[in-house]
Amino acid sequence: MTASRVWLWLMLGVVLVPMIATLVVATSVSFIAGPFTGGFTLDWMALGLQLLSPTLLHSAVVGVAVAAINLVVGGPLAWWSARSNSVTARAVGYLATVPLAVPGIAISVALIGTYAQLRPSGLLLLIGHVVFTLPFTLAALVPVLASDRLDECEQVALSLGASRARQVLTITIPWCLVAIVQAAAMSYALSYGEFNISFFVNAPANPTAPFALFDAYQTRRLELASAMSIWFIVSLLPVFAVLVALRARIHERSLS
């Protein structure tokens with residue numbers, strides 16, 4: 001068996017099999033006695049969608065806002081980190097990646113202790129998610145912006161009389177478009193599924209989808225919690241499709 005087949009079967013076992021098992025639980029009348037012992041039903045799926053829909057909308061709004069903030073803040077920061085050789089630029093780049101090594105609960109406690117007054121408005125939740133996702137935005141943008149070929153194209157445009165704004169709009173952004181979409185999609189997906197920061201920072205009266213799933217597994221039936229999990233996964237499929245398409249696009253670009 002080739003290495004690619006081994007990885008394929010491993011991924012199927014780790015990702016696909018648990019999803020199928022969750023779907024079986026969600027469509028069983030009563031899973032206590034075994035799969036479909038009491039028959040097949042979609043009632044749990046319908047109830048799960050009804051209960052989860054408001055939190056899915058909340059998570060989607062937060063995810064879009066986080067992705068937008070990441071591009072507005074992370075774009076210039078990535079450009080600076082990629083183009084500057086100063087000690088300050090390197091230090092800022094390193095500091096931006098610190099949250100990757102810090103547990104979400106520690107970030108949450110620090111944010112609540114420092115900016116507790118922002119918690120009721122939801123701004124603290126946005127700040128927490130941006131802190132958590134910004135390193136991934138930088139990881140997607142910095143290597144592309146550091147390309148020598150991109151720098152050459154920009155210099156040619158400037159030498160031909162293009163303004164800095166036109167150079168950015170016609171050269172830099174189209175060159176980085178795949179990385180920009182990848183960074184936005186990754187930021188959205190990470191924010192959408194973030195639990196630790198959401199659990200501690202977010203106001204309980206307006207929960208996000210991961211908190212609703214946690215509450216379902218804690219206080220409700222396994223069948224209903226599984227149904228809510230299936231809807232959560234389904235809601236993320238468009239983002240996964242974008243990421244897969246981007247990976248294919250990057251692969252094509254590398255071969256061309």
# chains A, B, ... in the order shown; residues from 1 in each chain; ligands from 1
>>> residues_around(residues="Gly128 of chain A", least_positions_apart="2", cutoff="8 Å", atoms="only C-alpha atoms", output="short mmCIF file (atom, residue, chain, number, x, y, z; two decimals) with N, CA, C and O atoms, in the first residue's frame")
data_model
loop_
_atom_site.label_atom_id
_atom_site.label_comp_id
_atom_site.auth_asym_id
_atom_site.auth_seq_id
_atom_site.Cartn_x
_atom_site.Cartn_y
_atom_site.Cartn_z
N ILE A 107 -5.78 33.60 27.59
CA ILE A 107 -6.09 34.81 26.83
C ILE A 107 -7.40 35.43 27.32
O ILE A 107 -7.51 36.65 27.50
N SER A 108 -8.39 34.57 27.58
CA SER A 108 -9.69 35.06 28.04
C SER A 108 -9.59 35.76 29.38
O SER A 108 -10.15 36.84 29.58
N LEU A 111 -7.93 39.15 28.97
CA LEU A 111 -8.81 40.14 28.34
C LEU A 111 -9.90 40.60 29.29
O LEU A 111 -10.20 41.81 29.36
N LEU A 124 -15.42 42.70 23.28
CA LEU A 124 -14.35 41.89 23.84
C LEU A 124 -14.27 40.54 23.13
O LEU A 124 -13.18 39.98 22.96
N LEU A 125 -15.41 40.02 22.71
CA LEU A 125 -15.42 38.77 21.96
C LEU A 125 -14.70 38.95 20.62
O LEU A 125 -13.88 38.10 20.23
N LEU A 126 -14.97 40.06 19.94
CA LEU A 126 -14.28 40.33 18.67
C LEU A 126 -12.78 40.46 18.88
O LEU A 126 -11.98 39.90 18.12
N VAL A 130 -9.92 38.08 17.25
CA VAL A 130 -8.88 38.66 16.39
C VAL A 130 -7.50 38.30 16.92
O VAL A 130 -6.60 37.93 16.14
N VAL A 131 -7.32 38.38 18.22
CA VAL A 131 -6.04 38.00 18.82
C VAL A 131 -5.70 36.55 18.49
O VAL A 131 -4.55 36.20 18.19
N PHE A 132 -6.72 35.69 18.52
CA PHE A 132 -6.52 34.26 18.27
C PHE A 132 -6.25 33.96 16.80
O PHE A 132 -5.45 33.07 16.47
N ILE A 197 -12.26 30.94 24.08
CA ILE A 197 -12.42 32.39 24.24
C ILE A 197 -13.90 32.76 24.28
O ILE A 197 -14.32 33.58 25.11
N VAL A 201 -15.36 34.77 27.43
CA VAL A 201 -15.44 36.20 27.13
C VAL A 201 -16.83 36.63 26.73
O VAL A 201 -17.29 37.72 27.08
#
>>> residues_around(residues="segment 75-82 of chain A", least_positions_apart="2", cutoff="6 Å", atoms="only C-alpha atoms", output="list in words")
Leu71, Val72, Val73, Ser84, Ala89, Leu138, Val142, Leu145 and Ala146 of chain A
>>> atom_distance(atom1="atom CA of Val29 of chain A", atom2="atom CA of Leu237 of chain A")
26.2 Å
>>> residues_around(residues="Cys176 of chain A", least_positions_apart="4", cutoff="9 Å", atoms="only C-alpha atoms", output="ChimeraX atom specification")
/A:141,144-145,171-172,180-181
>>> residues_around(residues="Ser121 of chain A", least_positions_apart="2", cutoff="12 Å", atoms="only C-alpha atoms", output="PDB file with N, CA, C and O atoms, in the first residue's frame")
ATOM      1  N   TYR A 115     -10.108  44.432  30.047  1.00  0.00           N
ATOM      2  CA  TYR A 115     -11.154  45.179  29.341  1.00  0.00           C
ATOM      3  C   TYR A 115     -12.541  44.646  29.685  1.00  0.00           C
ATOM      4  O   TYR A 115     -13.375  44.441  28.796  1.00  0.00           O
ATOM      5  N   ALA A 116     -12.807  44.440  30.949  1.00  0.00           N
ATOM      6  CA  ALA A 116     -14.094  43.855  31.361  1.00  0.00           C
ATOM      7  C   ALA A 116     -15.283  44.696  30.921  1.00  0.00           C
ATOM      8  O   ALA A 116     -16.373  44.163  30.655  1.00  0.00           O
ATOM      9  N   GLN A 117     -15.098  46.016  30.829  1.00  0.00           N
ATOM     10  CA  GLN A 117     -16.206  46.898  30.469  1.00  0.00           C
ATOM     11  C   GLN A 117     -16.679  46.696  29.032  1.00  0.00           C
ATOM     12  O   GLN A 117     -17.772  47.117  28.660  1.00  0.00           O
ATOM     13  N   LEU A 118     -15.851  46.037  28.203  1.00  0.00           N
ATOM     14  CA  LEU A 118     -16.228  45.792  26.804  1.00  0.00           C
ATOM     15  C   LEU A 118     -17.008  44.486  26.624  1.00  0.00           C
ATOM     16  O   LEU A 118     -17.513  44.224  25.533  1.00  0.00           O
ATOM     17  N   ARG A 119     -17.098  43.694  27.672  1.00  0.00           N
ATOM     18  CA  ARG A 119     -17.721  42.378  27.534  1.00  0.00           C
ATOM     19  C   ARG A 119     -19.206  42.431  27.171  1.00  0.00           C
ATOM     20  O   ARG A 119     -19.632  41.714  26.263  1.00  0.00           O
ATOM     21  N   LEU A 123     -17.761  43.575  22.075  1.00  0.00           N
ATOM     22  CA  LEU A 123     -16.476  43.991  21.508  1.00  0.00           C
ATOM     23  C   LEU A 123     -15.326  43.142  22.021  1.00  0.00           C
ATOM     24  O   LEU A 123     -14.367  42.869  21.292  1.00  0.00           O
ATOM     25  N   LEU A 124     -15.423  42.704  23.276  1.00  0.00           N
ATOM     26  CA  LEU A 124     -14.348  41.888  23.839  1.00  0.00           C
ATOM     27  C   LEU A 124     -14.271  40.540  23.132  1.00  0.00           C
ATOM     28  O   LEU A 124     -13.178  39.983  22.962  1.00  0.00           O
ATOM     29  N   LEU A 125     -15.412  40.016  22.715  1.00  0.00           N
ATOM     30  CA  LEU A 125     -15.423  38.767  21.956  1.00  0.00           C
ATOM     31  C   LEU A 125     -14.697  38.947  20.622  1.00  0.00           C
ATOM     32  O   LEU A 125     -13.885  38.097  20.228  1.00  0.00           O
ATOM     33  N   LEU A 126     -14.967  40.062  19.937  1.00  0.00           N
ATOM     34  CA  LEU A 126     -14.280  40.331  18.673  1.00  0.00           C
ATOM     35  C   LEU A 126     -12.778  40.465  18.883  1.00  0.00           C
ATOM     36  O   LEU A 126     -11.984  39.905  18.121  1.00  0.00           O
ATOM     37  N   ILE A 127     -12.389  41.193  19.928  1.00  0.00           N
ATOM     38  CA  ILE A 127     -10.960  41.378  20.206  1.00  0.00           C
ATOM     39  C   ILE A 127     -10.301  40.034  20.482  1.00  0.00           C
ATOM     40  O   ILE A 127      -9.219  39.735  19.961  1.00  0.00           O
ATOM     41  N   VAL A 201     -15.364  34.772  27.431  1.00  0.00           N
ATOM     42  CA  VAL A 201     -15.438  36.195  27.132  1.00  0.00           C
ATOM     43  C   VAL A 201     -16.835  36.631  26.729  1.00  0.00           C
ATOM     44  O   VAL A 201     -17.287  37.717  27.081  1.00  0.00           O
ATOM     45  N   ASN A 202     -17.549  35.786  26.005  1.00  0.00           N
ATOM     46  CA  ASN A 202     -18.839  36.178  25.465  1.00  0.00           C
ATOM     47  C   ASN A 202     -19.903  36.262  26.558  1.00  0.00           C
ATOM     48  O   ASN A 202     -19.913  35.478  27.510  1.00  0.00           O
ATOM     49  N   ALA A 203     -20.798  37.225  26.406  1.00  0.00           N
ATOM     50  CA  ALA A 203     -21.915  37.345  27.345  1.00  0.00           C
ATOM     51  C   ALA A 203     -22.821  36.123  27.217  1.00  0.00           C
ATOM     52  O   ALA A 203     -23.220  35.760  26.109  1.00  0.00           O
ATOM     53  N   PRO A 204     -23.180  35.451  28.332  1.00  0.00           N
ATOM     54  CA  PRO A 204     -23.978  34.216  28.267  1.00  0.00           C
ATOM     55  C   PRO A 204     -25.336  34.385  27.596  1.00  0.00           C
ATOM     56  O   PRO A 204     -25.886  33.424  27.078  1.00  0.00           O
ATOM     57  N   ALA A 205     -25.883  35.601  27.611  1.00  0.00           N
ATOM     58  CA  ALA A 205     -27.212  35.813  27.044  1.00  0.00           C
ATOM     59  C   ALA A 205     -27.227  35.689  25.522  1.00  0.00           C
ATOM     60  O   ALA A 205     -28.292  35.504  24.930  1.00  0.00           O
ATOM     61  N   ASN A 206     -26.069  35.775  24.884  1.00  0.00           N
ATOM     62  CA  ASN A 206     -26.003  35.712  23.424  1.00  0.00           C
ATOM     63  C   ASN A 206     -24.912  34.728  23.012  1.00  0.00           C
ATOM     64  O   ASN A 206     -23.860  35.126  22.518  1.00  0.00           O
TER      65      ASN A 206
END
>>> residues_around(residues="Ala212 of chain A", least_positions_apart="5", cutoff="10 Å", atoms="only C-alpha atoms", output="ChimeraX atom specification")
/A:51-52,54-56,195,199,206-207,217-218,225,228-229
>>> write_last_selection(atoms="all heavy atoms", output="tab-separated table (two decimals), in the first residue's frame")
chain	number	residue	atom	x	y	z
A	51	LEU	N	-33.00	24.85	17.29
A	51	LEU	CA	-32.30	25.35	18.48
A	51	LEU	C	-30.97	26.01	18.14
A	51	LEU	O	-30.54	26.96	18.81
A	51	LEU	CB	-32.06	24.20	19.47
A	51	LEU	CG	-33.30	23.57	20.10
A	51	LEU	CD1	-32.90	22.36	20.95
A	51	LEU	CD2	-34.05	24.59	20.94
A	52	LEU	N	-30.31	25.51	17.10
A	52	LEU	CA	-28.96	25.99	16.80
A	52	LEU	C	-28.95	27.21	15.88
A	52	LEU	O	-27.97	27.97	15.88
A	52	LEU	CB	-28.16	24.86	16.16
A	52	LEU	CG	-26.64	25.05	16.07
A	52	LEU	CD1	-26.01	25.17	17.45
A	52	LEU	CD2	-26.00	23.91	15.29
A	54	PRO	N	-30.21	30.30	15.75
A	54	PRO	CA	-29.84	31.64	16.24
A	54	PRO	C	-28.36	31.77	16.56
A	54	PRO	O	-27.74	32.80	16.28
A	54	PRO	CB	-30.70	31.81	17.49
A	54	PRO	CG	-31.83	30.86	17.31
A	54	PRO	CD	-31.27	29.70	16.59
A	55	THR	N	-27.76	30.73	17.12
A	55	THR	CA	-26.34	30.79	17.47
A	55	THR	C	-25.47	30.68	16.23
A	55	THR	O	-24.38	31.26	16.19
A	55	THR	CB	-25.97	29.68	18.46
A	55	THR	OG1	-26.18	28.39	17.87
A	55	THR	CG2	-26.81	29.79	19.73
A	56	LEU	N	-25.93	29.96	15.20
A	56	LEU	CA	-25.18	29.90	13.95
A	56	LEU	C	-25.11	31.28	13.31
A	56	LEU	O	-24.06	31.69	12.80
A	56	LEU	CB	-25.85	28.92	12.98
A	56	LEU	CG	-25.74	27.43	13.30
A	56	LEU	CD1	-26.51	26.61	12.27
A	56	LEU	CD2	-24.28	26.98	13.34
A	195	PHE	N	-14.06	27.95	20.80
A	195	PHE	CA	-14.87	27.70	21.99
A	195	PHE	C	-14.31	28.36	23.24
A	195	PHE	O	-15.04	29.01	23.99
A	195	PHE	CB	-15.00	26.19	22.24
A	195	PHE	CG	-15.66	25.86	23.55
A	195	PHE	CD1	-17.03	26.01	23.70
A	195	PHE	CD2	-14.92	25.44	24.64
A	195	PHE	CE1	-17.65	25.72	24.92
A	195	PHE	CE2	-15.52	25.15	25.85
A	195	PHE	CZ	-16.89	25.29	25.99
A	199	PHE	N	-16.39	30.97	25.29
A	199	PHE	CA	-17.02	30.49	26.53
A	199	PHE	C	-16.79	31.47	27.68
A	199	PHE	O	-17.71	31.75	28.46
A	199	PHE	CB	-16.45	29.11	26.89
A	199	PHE	CG	-17.06	28.52	28.13
A	199	PHE	CD1	-18.27	27.86	28.08
A	199	PHE	CD2	-16.40	28.60	29.35
A	199	PHE	CE1	-18.84	27.30	29.22
A	199	PHE	CE2	-16.95	28.05	30.50
A	199	PHE	CZ	-18.17	27.40	30.43
A	206	ASN	N	-26.07	35.78	24.88
A	206	ASN	CA	-26.00	35.71	23.42
A	206	ASN	C	-24.91	34.73	23.01
A	206	ASN	O	-23.86	35.13	22.52
A	206	ASN	CB	-25.71	37.10	22.85
A	206	ASN	CG	-25.98	37.18	21.37
A	206	ASN	OD1	-26.64	36.31	20.78
A	206	ASN	ND2	-25.45	38.22	20.74
A	207	PRO	N	-25.13	33.41	23.20
A	207	PRO	CA	-24.08	32.42	22.99
A	207	PRO	C	-23.73	32.22	21.52
A	207	PRO	O	-24.54	32.48	20.63
A	207	PRO	CB	-24.68	31.15	23.58
A	207	PRO	CG	-26.15	31.33	23.41
A	207	PRO	CD	-26.40	32.80	23.61
A	217	TYR	N	-24.53	18.96	24.77
A	217	TYR	CA	-23.91	17.72	25.24
A	217	TYR	C	-23.94	17.61	26.76
A	217	TYR	O	-23.90	16.51	27.31
A	217	TYR	CB	-22.47	17.62	24.73
A	217	TYR	CG	-22.37	17.06	23.33
A	217	TYR	CD1	-22.16	17.90	22.24
A	217	TYR	CD2	-22.52	15.70	23.10
A	217	TYR	CE1	-22.08	17.40	20.95
A	217	TYR	CE2	-22.43	15.18	21.81
A	217	TYR	CZ	-22.22	16.04	20.74
A	217	TYR	OH	-22.15	15.54	19.47
A	218	GLN	N	-24.01	18.76	27.43
A	218	GLN	CA	-24.04	18.74	28.89
A	218	GLN	C	-25.44	18.50	29.45
A	218	GLN	O	-25.59	17.83	30.48
A	218	GLN	CB	-23.52	20.08	29.44
A	218	GLN	CG	-22.03	20.29	29.28
A	218	GLN	CD	-21.23	19.47	30.28
A	218	GLN	OE1	-20.77	18.38	29.98
A	218	GLN	NE2	-21.08	20.00	31.48
A	225	ALA	N	-27.91	16.50	20.63
A	225	ALA	CA	-26.58	17.10	20.56
A	225	ALA	C	-25.87	16.68	19.27
A	225	ALA	O	-25.18	17.49	18.64
A	225	ALA	CB	-25.76	16.70	21.77
A	228	MET	N	-27.34	18.63	16.35
A	228	MET	CA	-26.82	20.00	16.33
A	228	MET	C	-25.38	20.02	15.81
A	228	MET	O	-24.99	20.95	15.10
A	228	MET	CB	-26.90	20.61	17.73
A	228	MET	CG	-28.35	20.81	18.21
A	228	MET	SD	-28.49	21.26	19.95
A	228	MET	CE	-27.81	22.92	19.92
A	229	SER	N	-24.62	19.00	16.13
A	229	SER	CA	-23.25	18.90	15.63
A	229	SER	C	-23.23	18.75	14.11
A	229	SER	O	-22.38	19.35	13.42
A	229	SER	CB	-22.52	17.73	16.28
A	229	SER	OG	-22.41	17.90	17.67
>>> residues_around(residues="Val25 of chain A", least_positions_apart="6", cutoff="8 Å", atoms="only C-alpha atoms", output="CSV table (one decimal) with N, CA and C atoms, in the first residue's frame")
chain,number,residue,atom,x,y,z
A,31,PHE,N,-30.8,6.1,20.8
A,31,PHE,CA,-29.5,5.5,20.5
A,31,PHE,C,-29.1,4.7,21.7
A,35,PRO,N,-27.8,1.6,17.4
A,35,PRO,CA,-28.2,2.4,16.2
A,35,PRO,C,-29.5,1.9,15.6
A,222,LEU,N,-28.2,12.8,23.8
A,222,LEU,CA,-27.1,12.6,22.9
A,222,LEU,C,-27.6,12.8,21.4
A,223,GLU,N,-28.8,12.3,21.1
A,223,GLU,CA,-29.3,12.4,19.8
A,223,GLU,C,-29.5,13.8,19.3
A,226,SER,N,-26.0,15.4,18.9
A,226,SER,CA,-25.4,15.0,17.6
A,226,SER,C,-26.0,15.6,16.4
A,227,ALA,N,-27.4,15.8,16.4
A,227,ALA,CA,-28.0,16.5,15.3
A,227,ALA,C,-27.5,18.0,15.2
>>> atom_distance(atom1="atom CA of Ala157 of chain A", atom2="atom CA of Pro143 of chain A")
20.9 Å
>>> closest_residue(among="A:Trp9, A:Arg164, A:Val244, A:Gly48", to="Trp231 of chain A", atoms="only C-alpha atoms")
A:Gly48
>>> atom_distance(atom1="atom CA of Thr170 of chain A", atom2="atom CA of Gln155 of chain A")
12.6 Å
